[in-house]
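Structure file run-v1.txt (compact mmCIF, C-alpha atoms) is printed below.
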```txt
# COMPACT_ATOMS: atom_id res chain seq x y z
CA MET A 1 0.00 0.00 0.00
CA GLU A 2 1.28 3.46 -0.93
CA THR A 3 2.35 5.77 1.89
CA MET A 4 -0.24 8.53 1.98
CA SER A 5 -0.10 12.22 2.82
CA LEU A 6 -1.54 12.57 6.31
CA ALA A 7 -2.87 16.06 5.53
CA LYS A 8 -4.72 14.69 2.50
CA GLU A 9 -6.12 11.70 4.39
CA LEU A 10 -7.54 13.97 7.09
CA SER A 11 -8.75 16.89 5.01
CA GLN A 12 -10.68 14.72 2.56
CA ASN A 13 -12.76 12.98 5.23
CA GLU A 14 -15.42 15.10 6.91
CA TYR A 15 -15.94 12.62 9.71
CA PRO A 16 -13.35 9.88 10.38
CA GLY A 17 -14.51 9.97 14.01
CA ARG A 18 -11.86 9.12 16.57
CA GLY A 19 -8.43 8.41 15.13
CA ILE A 20 -5.14 6.85 16.23
CA ILE A 21 -1.69 7.16 14.67
CA ALA A 22 1.43 5.23 15.73
CA GLY A 23 4.81 5.34 14.03
CA LEU A 24 8.41 6.51 13.97
CA SER A 25 9.80 10.03 13.51
CA GLU A 26 11.83 11.02 10.44
CA ASP A 27 15.12 10.88 12.35
CA GLY A 28 14.31 7.52 13.91
CA LYS A 29 14.73 8.84 17.45
CA TYR A 30 11.12 9.04 18.56
CA ALA A 31 8.14 6.76 18.81
CA VAL A 32 5.17 8.83 17.65
CA SER A 33 1.65 8.56 19.02
CA ALA A 34 -1.47 10.61 18.27
CA TYR A 35 -5.13 10.33 19.16
CA TRP A 36 -8.08 12.64 18.57
CA THR A 37 -11.79 12.84 19.17
CA MET A 38 -14.52 14.28 17.00
CA GLY A 39 -18.24 14.71 17.56
CA ARG A 40 -21.49 15.45 15.75
CA SER A 41 -23.77 15.80 18.78
CA ALA A 42 -23.60 18.32 21.62
CA GLY A 43 -22.72 15.51 24.04
CA SER A 44 -19.86 14.21 21.91
CA ARG A 45 -18.49 17.71 21.45
CA ASN A 46 -18.69 18.43 25.19
CA ARG A 47 -15.22 17.01 25.90
CA ILE A 48 -11.65 18.00 26.57
CA PHE A 49 -8.41 16.09 27.12
CA VAL A 50 -6.72 16.54 30.50
CA GLU A 51 -3.42 15.08 31.69
CA GLU A 52 -3.57 12.41 34.38
CA ALA A 53 -0.33 10.95 35.79
CA GLU A 54 1.63 9.85 32.69
CA GLY A 55 -1.49 9.57 30.56
CA ILE A 56 -4.56 11.56 29.61
CA ARG A 57 -8.28 11.17 30.10
CA THR A 58 -11.37 12.73 28.60
CA GLN A 59 -13.42 15.06 30.73
CA ALA A 60 -16.73 16.85 30.24
CA PHE A 61 -16.18 20.51 29.39
CA ASP A 62 -19.61 21.36 30.83
CA PRO A 63 -20.72 18.66 33.34
CA SER A 64 -24.35 19.86 33.13
CA LEU A 65 -24.56 18.64 29.52
CA ILE A 66 -23.72 14.98 30.27
CA ALA A 67 -26.55 12.68 29.14
CA GLY A 68 -26.90 8.97 28.46
CA ASP A 69 -24.05 6.55 29.17
CA PRO A 70 -21.00 8.64 30.13
CA SER A 71 -18.62 5.67 29.75
CA LEU A 72 -18.67 6.14 25.97
CA ILE A 73 -17.24 9.65 26.19
CA ILE A 74 -15.47 9.79 29.59
CA TYR A 75 -12.50 7.43 29.91
CA SER A 76 -8.73 7.13 30.21
CA ALA A 77 -7.45 7.47 26.65
CA VAL A 78 -3.74 7.05 27.43
CA ARG A 79 -1.99 5.05 30.15
CA VAL A 80 1.65 4.10 30.63
CA LEU A 81 2.83 0.78 32.04
CA GLY A 82 6.61 0.77 32.36
CA LYS A 83 7.83 1.45 28.83
CA LYS A 84 4.52 0.55 27.22
CA HIS A 85 2.21 3.37 26.10
CA ILE A 86 -1.44 2.37 25.67
CA VAL A 87 -3.67 4.65 23.56
CA THR A 88 -7.31 3.87 22.79
CA ASN A 89 -10.68 5.42 22.01
CA GLY A 90 -12.48 4.04 25.07
CA ASP A 91 -12.38 2.42 28.47
CA GLN A 92 -10.59 -0.59 26.95
CA THR A 93 -7.45 1.37 27.87
CA ASP A 94 -7.96 0.03 31.39
CA THR A 95 -8.70 -3.48 30.08
CA ILE A 96 -5.38 -3.55 28.20
CA TYR A 97 -3.47 -2.09 31.15
CA ASP A 98 -4.90 -4.66 33.56
CA GLY A 99 -4.39 -7.54 31.13
CA ILE A 100 -0.75 -6.75 30.41
CA SER A 101 -0.16 -6.26 34.14
CA LYS A 102 -1.35 -9.86 34.59
CA GLY A 103 0.89 -11.26 31.86
CA LEU A 104 -1.54 -11.25 28.95
CA THR A 105 -0.60 -9.95 25.52
CA PHE A 106 -2.20 -6.87 23.93
CA GLU A 107 -4.39 -9.10 21.76
CA GLN A 108 -5.34 -11.44 24.61
CA SER A 109 -6.31 -8.51 26.82
CA LEU A 110 -8.90 -7.37 24.26
CA GLN A 111 -10.60 -10.76 23.89
CA SER A 112 -13.07 -9.78 26.62
CA ARG A 113 -14.18 -6.64 24.77
CA LYS A 114 -16.25 -5.86 21.69
CA TYR A 115 -17.44 -2.79 19.77
CA GLU A 116 -19.25 0.01 21.61
CA HIS A 117 -22.92 -0.42 22.53
CA ASP A 118 -24.15 2.65 20.62
CA GLU A 119 -26.68 1.09 18.25
CA PRO A 120 -27.04 1.56 15.28
CA ASN A 121 -23.44 2.75 14.79
CA PHE A 122 -21.74 0.05 16.88
CA THR A 123 -18.64 2.24 16.96
CA PRO A 124 -15.41 0.22 16.65
CA ARG A 125 -12.97 0.14 19.52
CA ILE A 126 -9.54 1.13 18.20
CA SER A 127 -6.41 0.69 20.32
CA SER A 128 -2.64 0.98 20.04
CA LEU A 129 0.28 -0.25 22.11
CA LEU A 130 3.73 1.34 21.72
CA ASN A 131 6.39 -0.87 23.31
CA LEU A 132 9.86 0.60 23.97
CA GLU A 133 11.34 -2.10 26.16
CA ASN A 134 15.08 -2.87 25.95
CA GLY A 135 15.76 0.07 23.66
CA LYS A 136 13.73 -1.55 20.85
CA TYR A 137 10.56 -0.04 19.46
CA GLU A 138 7.57 -1.90 18.09
CA TYR A 139 3.89 -1.16 18.05
CA SER A 140 0.52 -2.82 17.56
CA ILE A 141 -2.88 -1.54 16.46
CA SER A 142 -6.23 -3.24 17.08
CA ILE A 143 -9.79 -2.75 15.91
CA LEU A 144 -12.88 -4.50 17.29
CA LYS A 145 -15.99 -3.92 15.20
CA SER A 146 -19.37 -5.38 14.30
CA ASP A 147 -19.74 -7.55 11.23
CA ARG A 148 -21.00 -4.87 8.83
CA GLY A 149 -23.57 -3.70 11.38
CA ASN A 150 -24.50 -7.19 12.59
CA PRO A 151 -24.20 -7.02 16.40
CA GLU A 152 -24.16 -10.82 16.72
CA ASN A 153 -20.55 -11.05 15.55
CA THR A 154 -17.46 -9.12 16.69
CA LEU A 155 -14.64 -8.89 14.15
CA ARG A 156 -11.19 -8.65 15.80
CA TYR A 157 -8.07 -7.53 13.96
CA THR A 158 -4.58 -6.88 15.34
CA PHE A 159 -1.75 -5.45 13.25
CA ASN A 160 1.83 -5.73 14.55
CA TYR A 161 4.74 -3.57 13.37
CA ASP A 162 8.03 -4.88 14.76
CA ASN A 163 10.43 -2.81 12.64
CA PRO A 164 8.86 0.60 11.99
CA ALA A 165 10.20 2.65 9.07
CA LYS A 166 11.52 6.16 9.69
CA GLY A 167 9.07 8.91 8.90
CA GLN A 168 6.14 6.54 8.59
CA GLY A 169 3.12 5.78 10.74
CA ARG A 170 -0.07 3.76 10.56
CA TYR A 171 -3.43 5.51 10.84
CA ILE A 172 -6.72 3.91 11.90
CA HIS A 173 -10.05 5.59 12.60
CA THR A 174 -13.51 4.56 13.69
CA TYR A 175 -15.58 5.51 10.63
CA GLU A 176 -14.99 5.28 6.89
CA LYS A 177 -16.93 8.51 6.41
CA ASN A 178 -19.95 10.45 7.61
CA GLY A 179 -23.32 8.71 7.40
CA ASN A 180 -26.39 7.44 9.24
CA PRO A 181 -25.60 4.95 10.59
CA LEU A 182 -21.88 5.63 10.56
CA PRO A 183 -19.98 3.00 8.51
CA SER A 184 -17.12 1.31 10.37
CA PHE A 185 -13.50 1.59 9.23
CA GLU A 186 -12.54 -1.00 6.60
CA GLY A 187 -9.18 -2.60 5.76
CA GLU A 188 -5.80 -2.32 7.44
CA PRO A 189 -4.31 0.81 9.05
CA VAL A 190 -3.26 3.33 6.41
CA PRO A 191 0.48 4.07 6.02
CA VAL A 192 1.02 7.83 6.36
CA GLU A 193 3.99 10.19 6.28
CA LEU A 194 5.22 11.55 9.62
CA LYS A 195 7.29 14.68 9.20
CA GLY A 196 8.78 17.30 11.47
CA SER A 197 8.69 18.05 15.16
CA ILE A 198 5.95 17.26 17.65
CA ASP A 199 4.55 20.77 17.25
CA GLU A 200 4.59 20.53 13.47
CA LEU A 201 2.76 17.22 13.53
CA ALA A 202 0.18 18.45 16.06
CA ASP A 203 -0.44 21.54 13.93
CA LEU A 204 -0.78 19.50 10.74
CA ILE A 205 -3.32 17.12 12.28
CA TRP A 206 -5.36 19.83 13.98
CA LYS A 207 -5.66 22.15 10.99
CA ASN A 208 -6.67 19.30 8.65
CA LEU A 209 -9.39 17.81 10.85
CA ASN A 210 -12.88 19.07 9.98
CA GLU A 211 -13.33 22.39 11.75
CA GLU A 212 -16.93 21.79 12.79
CA ASN A 213 -16.47 18.25 14.09
CA LYS A 214 -13.00 18.18 15.71
CA VAL A 215 -12.93 18.19 19.51
CA SER A 216 -9.54 17.30 21.06
CA LEU A 217 -6.07 16.15 20.02
CA PHE A 218 -3.20 14.38 21.82
CA VAL A 219 0.30 13.96 20.33
CA ARG A 220 3.31 12.38 22.05
CA TYR A 221 6.95 11.94 20.96
CA ILE A 222 8.81 9.34 23.04
CA GLU A 223 12.60 9.18 22.88
CA ILE A 224 13.37 5.53 22.18
CA SER A 225 16.80 5.51 23.84
CA THR A 226 15.64 7.01 27.15
CA GLY A 227 11.86 6.67 27.33
CA LYS A 228 11.49 10.41 28.00
CA TYR A 229 8.58 12.01 26.21
CA GLU A 230 6.91 15.27 25.24
CA THR A 231 3.15 15.68 25.00
CA ARG A 232 0.91 18.19 23.25
CA ILE A 233 -2.81 18.56 23.90
CA ILE A 234 -5.17 20.78 21.91
CA ASN A 235 -8.80 21.27 22.96
CA LYS A 236 -11.39 23.11 20.91
CA ASN A 237 -13.35 23.86 24.09
CA LYS A 238 -11.54 26.45 26.20
```

What do you get writing this file as structure tokens?
Amino acid sequence: METMSLAKELSQNEYPGRGIIAGLSEDGKYAVSAYWTMGRSAGSRNRIFVEEAEGIRTQAFDPSLIAGDPSLIIYSAVRVLGKKHIVTNGDQTDTIYDGISKGLTFEQSLQSRKYEHDEPNFTPRISSLLNLENGKYEYSISILKSDRGNPENTLRYTFNYDNPAKGQGRYIHTYEKNGNPLPSFEGEPVPVELKGSIDELADLIWKNLNEENKVSLFVRYIEISTGKYETRIINKNK
């Protein structure tokens, strides 16, 4: 598959929903991680990212507007376990953290989960694990989704990248495009170019996400040799 322009991938899709990118910086020094949220409803747009310990979590911007099941919009999106960085679009972050803590693999940890219970969309759960143990960097990306809208079957895919290429990442998102119901992402994570510094990448992602629908963005550069990292958070709600 051809490596795509990240700006083009983002700008040409009005509503990819929540998205995850994992990859390696141009100079090969940094593991790169990004995650963002989008929303069409007032409830989905009523969110911000806040830092929590070494990770981040979502938080209601206006608590008075919370309605329905808050677990679908309020959760830990990023957690760190040793030199493993877990990034997901839901409360499966905690499932992966607990599973790995007990000796399970990334894939095994997600066997107990399925897509989100937001009929008729059945939003996929997308997750990534960046592993920087022993000075080596590899990452995995997972998607759990319904079988083309059939809630009786959960489709589970895990993609492992054990030798990431410099300046390249993989991009996965919840929805193929806007629609009613929203169609789930299809295929394997898209290879995209990763260029520049953490601030340049954060700016590129943010300005190319649909202005009306974008909500929050997280970007992290992790130095592979030391495990030290820098984080950027952008919230539309201020």

Mind listing as an mmCIF file with C-alpha atoms, in the coordinates of the input all residues within 7 Å of (7.1, 13.1, 19.9), counting only C-alpha atoms?
```cif
data_model
loop_
_atom_site.group_PDB
_atom_site.id
_atom_site.type_symbol
_atom_site.label_atom_id
_atom_site.label_comp_id
_atom_site.auth_asym_id
_atom_site.auth_seq_id
_atom_site.Cartn_x
_atom_site.Cartn_y
_atom_site.Cartn_z
ATOM 1 C CA TYR A 30 11.120 9.040 18.560
ATOM 2 C CA ALA A 31 8.140 6.760 18.810
ATOM 3 C CA VAL A 32 5.170 8.830 17.650
ATOM 4 C CA ILE A 198 5.950 17.260 17.650
ATOM 5 C CA VAL A 219 0.300 13.960 20.330
ATOM 6 C CA ARG A 220 3.310 12.380 22.050
ATOM 7 C CA TYR A 221 6.950 11.940 20.960
ATOM 8 C CA ILE A 222 8.810 9.340 23.040
ATOM 9 C CA TYR A 229 8.580 12.010 26.210
ATOM 10 C CA GLU A 230 6.910 15.270 25.240
ATOM 11 C CA THR A 231 3.150 15.680 25.000
#
```

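CA of Leu194 in chain A sits 5.2 Å away from CA of Gln168 in chain A.
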
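Relative to CA of Ile126 in chain A, CA of Ile141 in chain A is found at 7.4 Å.
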
Subject >> Contacts of range 40-51 of chain A at 7 Å (only C-alpha atoms; same-chain gap of 4+ positions) as a ChimeraX atom specification >> reply: /A:55-62,65-67,73,213,215-216,233,235,237

Edge lengths and centre in Å, axis-aligned, range 90-94 of chain A plus 6 Å each side, as AutoDock Vina command-line options:
```
--center_x -10.0 --center_y 1.7 --center_z 28.2 --size_x 17.0 --size_y 16.6 --size_z 18.3
```

**OP:** Please provide as a PyMOL selection string all residues within 10 Å of Asn178 in chain A, with the sequence filter that same-chain residues fewer than 3 positions apart are discarded (counting only C-alpha atoms).
**Re:** chain A and resi 13-17+40+175+181-184

Can you tell me, as a PDB file with C-alpha atoms, in the coordinates of the input, which residues sit within 9 Å of (-4.4, 20.9, 7.5) in the file's frame, using all atoms listed in the file?
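File point_4.pdb, as written:
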```pdb
ATOM      1  CA  LEU A   6      -1.540  12.570   6.310  1.00  0.00           C
ATOM      2  CA  ALA A   7      -2.870  16.060   5.530  1.00  0.00           C
ATOM      3  CA  LYS A   8      -4.720  14.690   2.500  1.00  0.00           C
ATOM      4  CA  LEU A  10      -7.540  13.970   7.090  1.00  0.00           C
ATOM      5  CA  SER A  11      -8.750  16.890   5.010  1.00  0.00           C
ATOM      6  CA  ASP A 203      -0.440  21.540  13.930  1.00  0.00           C
ATOM      7  CA  LEU A 204      -0.780  19.500  10.740  1.00  0.00           C
ATOM      8  CA  ILE A 205      -3.320  17.120  12.280  1.00  0.00           C
ATOM      9  CA  TRP A 206      -5.360  19.830  13.980  1.00  0.00           C
ATOM     10  CA  LYS A 207      -5.660  22.150  10.990  1.00  0.00           C
ATOM     11  CA  ASN A 208      -6.670  19.300   8.650  1.00  0.00           C
ATOM     12  CA  LEU A 209      -9.390  17.810  10.850  1.00  0.00           C
TER      13      LEU A 209
END
```

**OP:** Could you please determine the separation between CA of Gln92 in chain A and CA of Leu132 in chain A in Å, to one decimal place?
**Re:** 20.7 Å

Original post:
If you count only C-alpha atoms, which residues fall within 10 Å of Lys195 in chain A, apart from same-chain ones fewer than 6 positions away, as a PyMOL selection string?
Top reply: chain A and resi 6+24-27+166-169+201+204

Find the residues around Ile21 in chain A up to 6 Å (only C-alpha atoms counted), leave out those fewer than 4 positions away in its own chain, and share them as an mmCIF file with C-alpha atoms, in the frame of the given file.
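Saved file out.cif follows:
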```cif
data_model
loop_
_atom_site.group_PDB
_atom_site.id
_atom_site.type_symbol
_atom_site.label_atom_id
_atom_site.label_comp_id
_atom_site.auth_asym_id
_atom_site.auth_seq_id
_atom_site.Cartn_x
_atom_site.Cartn_y
_atom_site.Cartn_z
ATOM 1 C CA SER A 33 1.650 8.560 19.020
ATOM 2 C CA ALA A 34 -1.470 10.610 18.270
ATOM 3 C CA ARG A 170 -0.070 3.760 10.560
ATOM 4 C CA TYR A 171 -3.430 5.510 10.840
#
```

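The closest residue to Glu119 in chain A, picked from A:Gly149, A:Gly135, A:Gly39, A:Gly90 and counting all atoms listed in the file, is A:Gly149.
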
Excluding same-chain residues fewer than 3 positions from Asn150 in chain A, what lies within 12 Å of it counting only C-alpha atoms, as a CSV table (one decimal) with C-alpha atoms, in the frame of the given file?
```csv
chain,number,residue,atom,x,y,z
A,115,TYR,CA,-17.4,-2.8,19.8
A,119,GLU,CA,-26.7,1.1,18.2
A,120,PRO,CA,-27.0,1.6,15.3
A,121,ASN,CA,-23.4,2.8,14.8
A,122,PHE,CA,-21.7,0.0,16.9
A,123,THR,CA,-18.6,2.2,17.0
A,145,LYS,CA,-16.0,-3.9,15.2
A,146,SER,CA,-19.4,-5.4,14.3
A,147,ASP,CA,-19.7,-7.6,11.2
A,153,ASN,CA,-20.6,-11.0,15.6
A,154,THR,CA,-17.5,-9.1,16.7
A,155,LEU,CA,-14.6,-8.9,14.2
A,183,PRO,CA,-20.0,3.0,8.5
A,184,SER,CA,-17.1,1.3,10.4
```

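In this comparison, which uses only C-alpha atoms, the residue of A:Asn210, A:Ser64, A:Ser127, A:Ser197 approaching Thr95 in chain A most closely is A:Ser127.
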
Original post:
Taking all atoms listed in the file into account, which of A:Thr105, A:Ser76, A:Asn180, A:Thr3 comes nearest Asp91 in chain A?
Top reply: A:Ser76

Missing atoms in range 129-149 of chain A: can you complete it with N, CA and C atoms, as a compact mmCIF listing (two decimals), keeping the file's coordinate frame?
```
# COMPACT_ATOMS: atom_id res chain seq x y z
N LEU A 129 -0.70 0.00 21.06
CA LEU A 129 0.28 -0.25 22.11
C LEU A 129 1.66 0.04 21.54
N LEU A 130 2.36 1.02 22.11
CA LEU A 130 3.73 1.34 21.72
C LEU A 130 4.65 0.76 22.78
N ASN A 131 5.52 -0.15 22.38
CA ASN A 131 6.39 -0.87 23.31
C ASN A 131 7.84 -0.47 23.07
N LEU A 132 8.48 0.12 24.10
CA LEU A 132 9.86 0.60 23.97
C LEU A 132 10.80 -0.12 24.93
N GLU A 133 10.51 -1.35 25.23
CA GLU A 133 11.34 -2.10 26.16
C GLU A 133 12.69 -2.47 25.53
N ASN A 134 13.73 -2.46 26.36
CA ASN A 134 15.08 -2.87 25.95
C ASN A 134 15.64 -2.07 24.79
N GLY A 135 15.23 -0.81 24.70
CA GLY A 135 15.76 0.07 23.66
C GLY A 135 15.28 -0.26 22.26
N LYS A 136 14.30 -1.16 22.15
CA LYS A 136 13.73 -1.55 20.85
C LYS A 136 12.31 -1.03 20.78
N TYR A 137 11.90 -0.60 19.61
CA TYR A 137 10.56 -0.04 19.46
C TYR A 137 9.73 -0.86 18.49
N GLU A 138 8.55 -1.24 18.94
CA GLU A 138 7.57 -1.90 18.09
C GLU A 138 6.19 -1.46 18.54
N TYR A 139 5.23 -1.57 17.65
CA TYR A 139 3.89 -1.16 18.05
C TYR A 139 2.84 -2.06 17.41
N SER A 140 1.66 -2.03 18.02
CA SER A 140 0.52 -2.82 17.56
C SER A 140 -0.72 -1.95 17.52
N ILE A 141 -1.61 -2.25 16.60
CA ILE A 141 -2.88 -1.54 16.46
C ILE A 141 -4.00 -2.57 16.37
N SER A 142 -5.09 -2.31 17.07
CA SER A 142 -6.23 -3.24 17.08
C SER A 142 -7.52 -2.51 16.74
N ILE A 143 -8.42 -3.25 16.10
CA ILE A 143 -9.79 -2.75 15.91
C ILE A 143 -10.76 -3.89 16.22
N LEU A 144 -11.79 -3.58 16.99
CA LEU A 144 -12.88 -4.50 17.29
C LEU A 144 -14.14 -3.87 16.73
N LYS A 145 -14.83 -4.54 15.84
CA LYS A 145 -15.99 -3.92 15.20
C LYS A 145 -17.07 -4.96 14.92
N SER A 146 -18.28 -4.48 14.66
CA SER A 146 -19.37 -5.38 14.30
C SER A 146 -19.15 -5.90 12.89
N ASP A 147 -19.84 -6.95 12.56
CA ASP A 147 -19.74 -7.55 11.23
C ASP A 147 -20.69 -6.82 10.29
N ARG A 148 -20.21 -5.69 9.76
CA ARG A 148 -21.00 -4.87 8.83
C ARG A 148 -22.36 -4.50 9.43
N GLY A 149 -22.35 -4.11 10.70
CA GLY A 149 -23.57 -3.70 11.38
C GLY A 149 -24.32 -4.81 12.06
```
